[in-house]
Amino acid sequence: MLGSLSVKKPGIFLARDTSLESGEPLNQNVVVTEPISKDSHRYSTEVGALKFGSFTLKSGRQSPYFFNNGLLSTGPALSALATSLSDTIVHAGWDFDVLFGPAYKGISLAAVAVVELSRRGVDVGMAYDRKEAKDHGEGGVLVGVPMKGKRVVIVDDVMTSGKAIRGALDRVREAGGTVVGVVQILDREEIGQEGQGSTAQELESMLGVGSVKAILRMRDLMDWLEQEGKTDLLATMKDYWEKYAVKEKK
């Protein structure tokens, strides 16, 4: 039972690239936890998964920040990420059987998290999908433990409009599974597809209150920038928040 485990408050995994602050590629990256502590610097990585600047999203919006989970590809980075994902999952208290990682970036997240959970004595399976069905070997689009009749937690990288997560929900349901939770590395806290609340709120209206969790939220980034005294970056983040975020959440 996950709820019987003793856990600490979920931490925040953050890789920071300061190149956009100075105009030069310094490659100064750190991983911080909540609360921010000096000890977190031991998880320094070679590349920054979180960048500040100007980025065009799939939605067409111009964002002042961008998170690329694919750059978290070193042993220390993946280890810290596995810890944060597992902390968040265990802290949520869900009873579940399978971690599902949507292709492509969710696959590695599910893999590292299921190993870390096993280390803590939580024995669950892993499954993931392919973008295209395989027409040889075992065939199909699903790989891993069967999800039929199982309780499933979906793990993925970034939540913006929720399109990818809705696709994962459909995939799990088609396989006969029941989604009991969703975990993201970053919740951008933007207005969802239905335009009434955040994407997380829209998903919880389908899955139940407390069913959607994130290691890191946009508001956390803004708080962190304020603590670091990065006033210029904070100003651009606040402007974006006013345009696209759910206002009552900040």
# chains A, B, ... in the order shown; residues from 1 in each chain; ligands from 1

$ residues_around --residues "Gln62 of chain A" --least-positions-apart "4" --cutoff "12 Å" --atoms "only C-alpha atoms" --output "ChimeraX atom specification"
/A:52-58,66,236-237,239-241,243-244

$ residues_around --residues "Ala164 of chain A" --least-positions-apart "5" --cutoff "12 Å" --atoms "only C-alpha atoms" --output "count of residues only"
22

$ closest_residue --among "A:Gly210, A:Val112, A:Ser63, A:Asp95" --to "Pro76 of chain A" --atoms "only C-alpha atoms"
A:Val112

$ closest_residue --among "A:Glu202, A:Asp232, A:Asp220, A:Asp123" --to "Arg188 of chain A" --atoms "only C-alpha atoms"
A:Asp220

$ atom_distance --atom1 "atom CA of Ala49 of chain A" --atom2 "atom CA of Asn68 of chain A"
4.9 Å

$ residues_around --residues "Ile89 of chain A" --least-positions-apart "4" --cutoff "10 Å" --atoms "only C-alpha atoms" --output "list of chain:residue names"
A:Leu2, A:Pro10, A:Thr83, A:Ser84, A:Leu85, A:Gly93, A:Trp94, A:Asp95, A:Ala113, A:Leu117, A:Val153, A:Val155, A:Gly181, A:Val182, A:Val183, A:Lys213, A:Ala214, A:Ile215

$ residues_around --residues "Val98 of chain A" --least-positions-apart "3" --cutoff "8 Å" --atoms "only C-alpha atoms" --output "list of chain:residue names"
A:Val124, A:Gly125, A:Met126, A:Ala127, A:Val145, A:Met147, A:Lys150, A:Arg151, A:Val152, A:Val153

$ residues_around --residues "Ala200 of chain A" --least-positions-apart "5" --cutoff "8 Å" --atoms "only C-alpha atoms" --output "PyMOL selection string"
chain A and resi 159+162+187+189+192+212

$ write_last_selection --atoms "all heavy atoms" --output "CSV table (one decimal), in the first residue's frame"
chain,number,residue,atom,x,y,z
A,159,MET,N,3.0,19.6,-18.9
A,159,MET,CA,1.6,19.7,-19.1
A,159,MET,C,1.3,21.2,-19.6
A,159,MET,O,1.5,22.1,-18.8
A,159,MET,CB,0.8,19.4,-17.9
A,159,MET,CG,-0.7,19.5,-18.0
A,159,MET,SD,-1.5,19.1,-16.5
A,159,MET,CE,-1.1,17.4,-16.2
A,162,GLY,N,-2.7,19.7,-22.5
A,162,GLY,CA,-3.2,18.4,-22.0
A,162,GLY,C,-3.5,17.5,-23.2
A,162,GLY,O,-4.0,16.4,-23.0
A,187,ASP,N,4.1,21.5,-14.6
A,187,ASP,CA,2.8,21.9,-15.0
A,187,ASP,C,2.9,23.4,-15.3
A,187,ASP,O,3.2,24.2,-14.4
A,187,ASP,CB,1.8,21.7,-13.8
A,187,ASP,CG,0.4,22.2,-14.1
A,187,ASP,OD1,0.2,22.7,-15.2
A,187,ASP,OD2,-0.4,22.1,-13.2
A,189,GLU,N,0.6,25.4,-15.8
A,189,GLU,CA,-0.6,26.0,-15.2
A,189,GLU,C,-1.3,27.0,-16.2
A,189,GLU,O,-1.8,28.0,-15.8
A,189,GLU,CB,-0.2,26.8,-14.0
A,189,GLU,CG,0.4,25.9,-12.9
A,189,GLU,CD,0.6,26.6,-11.6
A,189,GLU,OE1,1.7,27.2,-11.4
A,189,GLU,OE2,-0.3,26.5,-10.7
A,192,GLY,N,-6.7,25.4,-19.9
A,192,GLY,CA,-6.9,24.2,-20.7
A,192,GLY,C,-7.7,24.3,-21.9
A,192,GLY,O,-8.1,25.4,-22.3
A,212,VAL,N,-4.0,14.6,-10.3
A,212,VAL,CA,-3.0,15.1,-11.1
A,212,VAL,C,-2.0,15.9,-10.3
A,212,VAL,O,-2.3,16.8,-9.5
A,212,VAL,CB,-3.6,16.1,-12.1
A,212,VAL,CG1,-2.6,16.7,-13.0
A,212,VAL,CG2,-4.7,15.4,-13.0

$ closest_residue --among "A:Gly229, A:Lys163, A:Lys148, A:Ala80" --to "Gly176 of chain A" --atoms "only C-alpha atoms"
A:Lys148

$ select_by_dssp --residues "segment 76-241 of chain A" --states "alpha helix (DSSP H)" --output "PyMOL selection string"
chain A and resi 76-92+105-119+163-174+199-207+218-228+231-241

$ closest_residue --among "A:Leu109, A:Val172, A:Leu99, A:Ala245" --to "Ser73 of chain A" --atoms "only C-alpha atoms"
A:Leu109

$ select_by_dssp --residues "segment 163-243 of chain A" --states "strand (DSSP E)" --output "list of chain:residue names"
A:Thr178, A:Val179, A:Val180, A:Gly181, A:Val182, A:Val183, A:Gln184, A:Ile185, A:Leu186, A:Asp187, A:Val212, A:Lys213, A:Ala214, A:Ile215, A:Leu216, A:Arg217

$ write_last_selection --atoms "C-alpha atoms" --output "PDB file, in the first residue's frame"
ATOM      1  CA  THR A 178      -8.071   2.480 -15.309  1.00  0.00           C
ATOM      2  CA  VAL A 179      -6.094   5.689 -14.838  1.00  0.00           C
ATOM      3  CA  VAL A 180      -5.889   6.658 -11.170  1.00  0.00           C
ATOM      4  CA  GLY A 181      -3.207   9.348 -11.410  1.00  0.00           C
ATOM      5  CA  VAL A 182      -1.119  11.568 -13.647  1.00  0.00           C
ATOM      6  CA  VAL A 183       2.346  12.893 -12.791  1.00  0.00           C
ATOM      7  CA  GLN A 184       4.197  15.548 -14.773  1.00  0.00           C
ATOM      8  CA  ILE A 185       7.626  17.056 -14.283  1.00  0.00           C
ATOM      9  CA  LEU A 186       6.295  20.531 -15.083  1.00  0.00           C
ATOM     10  CA  ASP A 187       2.770  21.928 -14.980  1.00  0.00           C
ATOM     11  CA  VAL A 212      -3.026  15.138 -11.128  1.00  0.00           C
ATOM     12  CA  LYS A 213       0.363  16.018  -9.634  1.00  0.00           C
ATOM     13  CA  ALA A 214       3.486  17.840 -10.800  1.00  0.00           C
ATOM     14  CA  ILE A 215       7.021  18.083  -9.449  1.00  0.00           C
ATOM     15  CA  LEU A 216       7.279  21.686 -10.580  1.00  0.00           C
ATOM     16  CA  ARG A 217       4.769  24.390 -11.508  1.00  0.00           C
TER      17      ARG A 217
END

$ residues_around --residues "Glu116 of chain A" --least-positions-apart "5" --cutoff "9 Å" --atoms "only C-alpha atoms" --output "ChimeraX atom specification"
/A:79,82-83,85-86,111,121-122

$ write_last_selection --atoms "N, CA and C atoms" --output "compact mmCIF listing (two decimals), in the first residue's frame"
# COMPACT_ATOMS: atom_id res chain seq x y z
N SER A 79 18.95 10.20 -11.89
CA SER A 79 18.78 9.72 -10.53
C SER A 79 17.98 10.71 -9.70
N ALA A 82 14.39 10.63 -10.93
CA ALA A 82 13.69 9.44 -10.44
C ALA A 82 13.25 9.62 -8.99
N THR A 83 14.11 10.23 -8.20
CA THR A 83 13.77 10.48 -6.79
C THR A 83 12.58 11.42 -6.67
N LEU A 85 10.25 12.13 -8.96
CA LEU A 85 9.04 11.48 -9.48
C LEU A 85 8.47 10.50 -8.46
N SER A 86 9.35 9.70 -7.88
CA SER A 86 8.90 8.70 -6.92
C SER A 86 8.35 9.35 -5.66
N ALA A 111 10.56 4.43 -16.76
CA ALA A 111 11.61 3.44 -16.49
C ALA A 111 12.40 3.78 -15.23
N GLY A 121 10.63 -0.55 -2.21
CA GLY A 121 9.72 -1.63 -1.83
C GLY A 121 8.35 -1.53 -2.45
N VAL A 122 8.19 -0.66 -3.47
CA VAL A 122 6.91 -0.53 -4.17
C VAL A 122 7.05 -1.25 -5.51

$ atom_distance --atom1 "atom CA of Asn69 of chain A" --atom2 "atom CA of Ser108 of chain A"
9.7 Å
